[in-house]
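K.L.:
Next comes the structure file final_30.cif, holding mmCIF, C-alpha atoms.
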```cif
data_work
loop_
_atom_site.label_atom_id
_atom_site.label_comp_id
_atom_site.auth_asym_id
_atom_site.auth_seq_id
_atom_site.Cartn_x
_atom_site.Cartn_y
_atom_site.Cartn_z
CA MET U 905 0.00 0.00 0.00
CA THR U 906 1.38 3.36 -0.90
CA LYS U 907 1.83 6.13 1.58
CA SER U 908 -0.84 8.19 -0.22
CA ARG U 909 -3.40 5.36 -0.09
CA LEU U 910 -2.63 4.77 3.58
CA LYS U 911 -3.22 8.46 4.39
CA LYS U 912 -6.53 8.41 2.50
CA SER U 913 -7.62 5.23 4.29
CA LEU U 914 -6.73 6.67 7.70
CA LEU U 915 -8.51 9.91 6.83
CA GLY U 916 -11.60 7.94 5.79
CA ILE U 917 -11.55 5.93 9.04
CA THR U 918 -11.08 9.10 11.10
CA LEU U 919 -13.99 10.80 9.33
CA SER U 920 -16.20 7.73 9.82
CA VAL U 921 -15.41 7.55 13.54
CA SER U 922 -16.05 11.31 13.88
CA LEU U 923 -19.36 11.01 12.05
CA ILE U 924 -20.51 8.06 14.20
CA THR U 925 -19.48 9.90 17.37
CA SER U 926 -21.35 13.03 16.25
CA ILE U 927 -24.49 11.06 15.49
CA ASN U 928 -24.38 9.41 18.93
CA LEU U 929 -23.90 12.76 20.66
CA ILE U 930 -26.83 14.25 18.80
CA ALA U 931 -29.04 11.23 19.47
CA ILE U 932 -28.45 11.16 23.24
CA PRO U 933 -30.01 14.55 24.04
CA GLN U 934 -33.00 13.79 21.83
CA SER U 935 -33.72 10.53 23.63
CA ALA U 936 -33.10 12.21 26.99
CA HIS U 937 -35.53 14.97 25.97
CA ALA U 938 -38.11 12.37 24.96
CA ALA U 939 -37.73 10.67 28.35
CA SER U 940 -38.14 13.95 30.25
CA SER U 941 -41.09 14.88 28.03
CA ASP U 942 -42.71 11.51 28.77
CA ALA U 943 -42.13 12.06 32.50
CA ALA U 944 -43.70 15.53 32.33
CA THR U 945 -46.70 14.16 30.43
CA SER U 946 -47.06 11.35 32.96
CA ALA U 947 -46.89 13.81 35.90
CA SER U 948 -49.45 16.07 34.22
CA THR U 949 -51.78 13.13 33.62
CA ALA U 950 -51.44 12.05 37.26
CA ALA U 951 -52.22 15.59 38.47
CA SER U 952 -55.22 15.75 36.14
CA GLY U 953 -56.47 12.42 37.46
CA LYS U 954 -56.04 13.60 41.06
CA ALA U 955 -57.95 16.83 40.26
CA LYS U 956 -60.82 14.83 38.71
CA SER U 957 -60.95 12.64 41.80
CA ILE U 958 -61.01 15.69 44.12
CA ILE U 959 -63.80 17.31 42.10
CA SER U 960 -65.78 14.08 41.97
CA THR U 961 -65.40 13.64 45.73
CA GLY U 962 -66.51 17.24 46.32
CA LYS U 963 -69.60 16.88 44.13
CA GLN U 964 -70.83 14.05 46.39
CA TYR U 965 -71.38 16.72 49.06
CA LEU U 966 -73.29 19.29 46.97
CA GLY U 967 -76.06 20.74 49.11
CA VAL U 968 -74.50 19.80 52.47
CA ARG U 969 -75.22 22.70 54.80
CA TYR U 970 -72.75 25.42 55.73
CA GLN U 971 -71.75 25.86 59.36
CA PHE U 972 -69.01 28.25 60.42
CA GLY U 973 -66.36 26.40 62.45
CA ALA U 974 -67.44 22.95 61.27
CA THR U 975 -64.74 20.34 61.73
CA LYS U 976 -63.20 18.36 58.89
CA ASP U 977 -64.25 15.01 60.34
CA ARG U 978 -67.98 15.72 59.98
CA THR U 979 -69.86 15.39 56.72
CA THR U 980 -73.20 16.78 57.94
CA SER U 981 -71.90 20.37 57.65
CA PHE U 982 -68.81 22.20 56.43
CA ASP U 983 -67.33 25.64 56.46
CA CYS U 984 -65.26 26.63 53.44
CA SER U 985 -61.88 25.48 54.73
CA SER U 986 -63.11 22.32 56.46
CA PHE U 987 -64.70 21.39 53.11
CA THR U 988 -61.46 21.81 51.15
CA GLN U 989 -59.43 20.17 53.93
CA PHE U 990 -61.81 17.17 54.00
CA ILE U 991 -62.04 16.72 50.22
CA PHE U 992 -58.29 16.96 49.68
CA ALA U 993 -57.59 14.62 52.63
CA LYS U 994 -59.93 12.03 51.06
CA ASN U 995 -57.56 12.22 48.08
CA GLY U 996 -54.29 11.97 50.00
CA ILE U 997 -53.41 15.68 50.28
CA THR U 998 -53.08 17.27 53.72
CA LEU U 999 -54.13 20.90 54.04
CA PRO U 1000 -54.00 23.17 57.09
CA ARG U 1001 -57.28 24.12 58.78
CA SER U 1002 -57.98 27.76 57.89
CA SER U 1003 -58.39 29.40 54.48
CA LYS U 1004 -55.60 31.85 55.39
CA GLU U 1005 -53.24 28.94 56.19
CA GLN U 1006 -54.32 27.08 53.04
CA SER U 1007 -53.47 30.18 50.99
CA GLN U 1008 -49.83 29.76 52.02
CA VAL U 1009 -49.26 26.17 50.83
CA GLY U 1010 -48.44 24.94 47.34
CA THR U 1011 -47.44 27.33 44.60
CA PHE U 1012 -48.98 30.58 43.37
CA VAL U 1013 -51.20 30.35 40.26
CA ALA U 1014 -52.23 33.36 38.19
CA LYS U 1015 -55.99 33.62 37.65
CA ASN U 1016 -55.58 33.10 33.89
CA GLN U 1017 -53.59 29.89 34.56
CA LEU U 1018 -56.10 28.15 36.84
CA GLN U 1019 -56.48 24.40 36.43
CA PRO U 1020 -59.09 22.08 37.93
CA GLY U 1021 -58.12 21.20 41.49
CA ASP U 1022 -56.47 24.55 42.27
CA LEU U 1023 -57.50 26.28 45.49
CA VAL U 1024 -58.96 29.77 44.99
CA PHE U 1025 -59.15 32.40 47.70
CA PHE U 1026 -61.32 35.44 48.30
CA TYR U 1027 -61.39 38.68 50.30
CA SER U 1028 -58.58 40.72 51.77
CA PRO U 1029 -57.54 39.52 54.24
CA ILE U 1030 -58.27 36.03 52.94
CA HIS U 1031 -61.18 34.32 54.66
CA HIS U 1032 -62.82 32.15 52.00
CA VAL U 1033 -61.56 29.23 49.88
CA GLY U 1034 -62.99 27.11 47.09
CA ILE U 1035 -61.84 24.49 44.58
CA TYR U 1036 -61.51 25.52 40.94
CA ILE U 1037 -63.35 22.92 38.82
CA GLY U 1038 -62.76 24.39 35.35
CA ASN U 1039 -64.67 26.64 32.93
CA GLY U 1040 -64.65 29.57 35.37
CA LYS U 1041 -66.44 27.59 38.10
CA ILE U 1042 -65.58 26.88 41.73
CA MET U 1043 -66.99 24.40 44.21
CA HIS U 1044 -67.22 25.78 47.75
CA THR U 1045 -69.59 26.30 50.64
CA TYR U 1046 -71.17 29.36 52.21
CA GLY U 1047 -74.48 30.51 53.64
CA SER U 1048 -77.80 29.05 52.64
CA PRO U 1049 -76.78 27.12 49.53
CA GLY U 1050 -74.22 25.10 51.49
CA VAL U 1051 -71.81 23.23 49.21
CA THR U 1052 -72.43 24.71 45.78
CA ILE U 1053 -70.86 25.64 42.45
CA SER U 1054 -70.38 29.31 41.54
CA ASP U 1055 -69.02 31.27 38.57
CA ILE U 1056 -65.89 33.35 39.27
CA THR U 1057 -65.63 35.02 35.88
CA SER U 1058 -68.02 37.87 36.69
CA GLY U 1059 -70.07 39.35 39.49
CA TRP U 1060 -69.55 39.04 43.20
CA TRP U 1061 -67.01 36.17 43.21
CA SER U 1062 -64.95 37.81 40.47
CA ASP U 1063 -64.93 41.12 42.35
CA HIS U 1064 -63.70 39.48 45.58
CA TYR U 1065 -61.17 37.05 44.06
CA LYS U 1066 -57.78 37.38 45.76
CA THR U 1067 -55.36 34.59 44.72
CA ALA U 1068 -54.94 30.87 43.95
CA ARG U 1069 -52.60 28.07 44.93
CA ARG U 1070 -51.77 24.73 43.31
CA VAL U 1071 -51.29 21.90 45.80
CA ILE U 1072 -51.67 18.95 43.42
CA ASN U 1073 -48.24 17.74 42.25
#
```
Please re-express this file's structure in structure tokens.

P.N.:
Amino acid sequence: MTKSRLKKSLLGITLSVSLITSINLIAIPQSAHAASSDAATSASTAASGKAKSIISTGKQYLGVRYQFGATKDRTTSFDCSSFTQFIFAKNGITLPRSSKEQSQVGTFVAKNQLQPGDLVFFYSPIHHVGIYIGNGKIMHTYGSPGVTISDITSGWWSDHYKTARRVIN
């Protein structure tokens, strides 16, 4: 083999190895991205399932009377925060007792980013909490309707909206 042919062969081998190495380096991040994307989708699906379960649990208590100071271990009456505390506990999520305390757990959510299962808070200072159920609606309890569903996109509840927190991971 001549020196010239040997150089060309070595150059060809070097280029082939470089090309294979480059392809492997490019492929690794793409597969890693796909794995992290799958994990994010799986986490989102789990959170969505948990939210559906919380909402379904809450709807079983529609019409249950309101009683200020009701405890979370009674299902014959609720106040706003004992209702959220009870419903979330039935779904494996521990919340503190008062609406003010509940407004300090989880992560902040902008009103235009609300998702079903988010806690929504009213008044300043905060003294009312409900569960966002989607489409501008909340499930909560107050006064004569007891556990009910209300619209927060306009009117009284919209005017008194304060903040929201996401506690479903």

K.L.:
Tell me which of U:Val1013, U:Val1033, U:Val968, U:Ile997 sits closest to Ser1048 of chain U, counting all atoms listed in the file.

P.N.:
U:Val968

K.L.:
Using only C-alpha atoms, which of U:Pro1049, U:Pro1029, U:Pro1020, U:Gly1040 sits nearest Ser1062 of chain U?

P.N.:
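The closest residue to Ser1062 of chain U is U:Gly1040.
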
K.L.:
To verify the selection step, state as a PyMOL selection string which residues the PyMOL selection byres ((chain U and resi 998) around 12) yields on this input.

P.N.:
chain U and resi 976+986+988-997+999-1001+1005-1006+1009-1010+1071-1072

K.L.:
Once the PyMOL selection byres ((chain U and resi 1019) around 8) has been applied to the shown file, what residues remain in the selection, as a list in words?

P.N.:
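Matching residues under the PyMOL selection byres ((chain U and resi 1019) around 8) are Gln1017, Leu1018, Pro1020, Gly1021, Asp1022, Tyr1036, Ile1037 and Gly1038 of chain U.
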
K.L.:
Using all atoms listed in the file, which of U:Arg1069, U:Gly1034, U:Ser981, U:Tyr970 sits nearest Ile1053 of chain U?

P.N.:
U:Gly1034

K.L.:
Quick one, how far is atom CA of Tyr1046 of chain U from atom CA of Asp983 of chain U?

P.N.:
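According to the coordinates, atom CA of Tyr1046 of chain U and atom CA of Asp983 of chain U are separated by 6.8 Å.
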
K.L.:
Name the residues within 9 Å of (-69.9, 16.2, 54.3), counting all atoms listed in the file in the file's coordinates, and put them as a ChimeraX atom specification.

P.N.:
/U:962,964-966,968-969,976-982,987,990-991,1051

K.L.:
Tell me, in Å to one decimal, how far atom CA of Cys984 of chain U is from atom CA of Ser1003 of chain U.

P.N.:
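Taking atom CA of Cys984 of chain U as the start and atom CA of Ser1003 of chain U as the end point, the length is 7.5 Å.
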
K.L.:
Can you work out the spacing between atom CA of Thr1057 of chain U and atom CA of Ile958 of chain U in Å, to one decimal?

P.N.:
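For atom CA of Thr1057 of chain U relative to atom CA of Ile958 of chain U, the distance reads 21.5 Å.
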
K.L.:
Which residues, protein or nucleic acid, reach to within 8 Å of (-54.3, 32.4, 48.1) in the file's coordinates when using all atoms listed in the file, and can you give that as a list in words?

P.N.:
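These residues have at least one counted atom within 8 Å: Lys1004, Gln1006, Ser1007, Gln1008, Phe1012, Leu1023, Val1024, Phe1025, Phe1026, Ile1030, Lys1066, Thr1067, Ala1068 and Arg1069 of chain U.
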
K.L.:
Mind working out the centre and edge lengths of an axis-aligned box for segment 1047-1059 of chain U, all listed atoms inside, 8 Å added to each side, rounded to one decimal in Å and written as JSON?

P.N.:
```
{"center_x": -71.7, "center_y": 31.3, "center_z": 44.8, "size_x": 28.2, "size_y": 32.1, "size_z": 33.8}
```
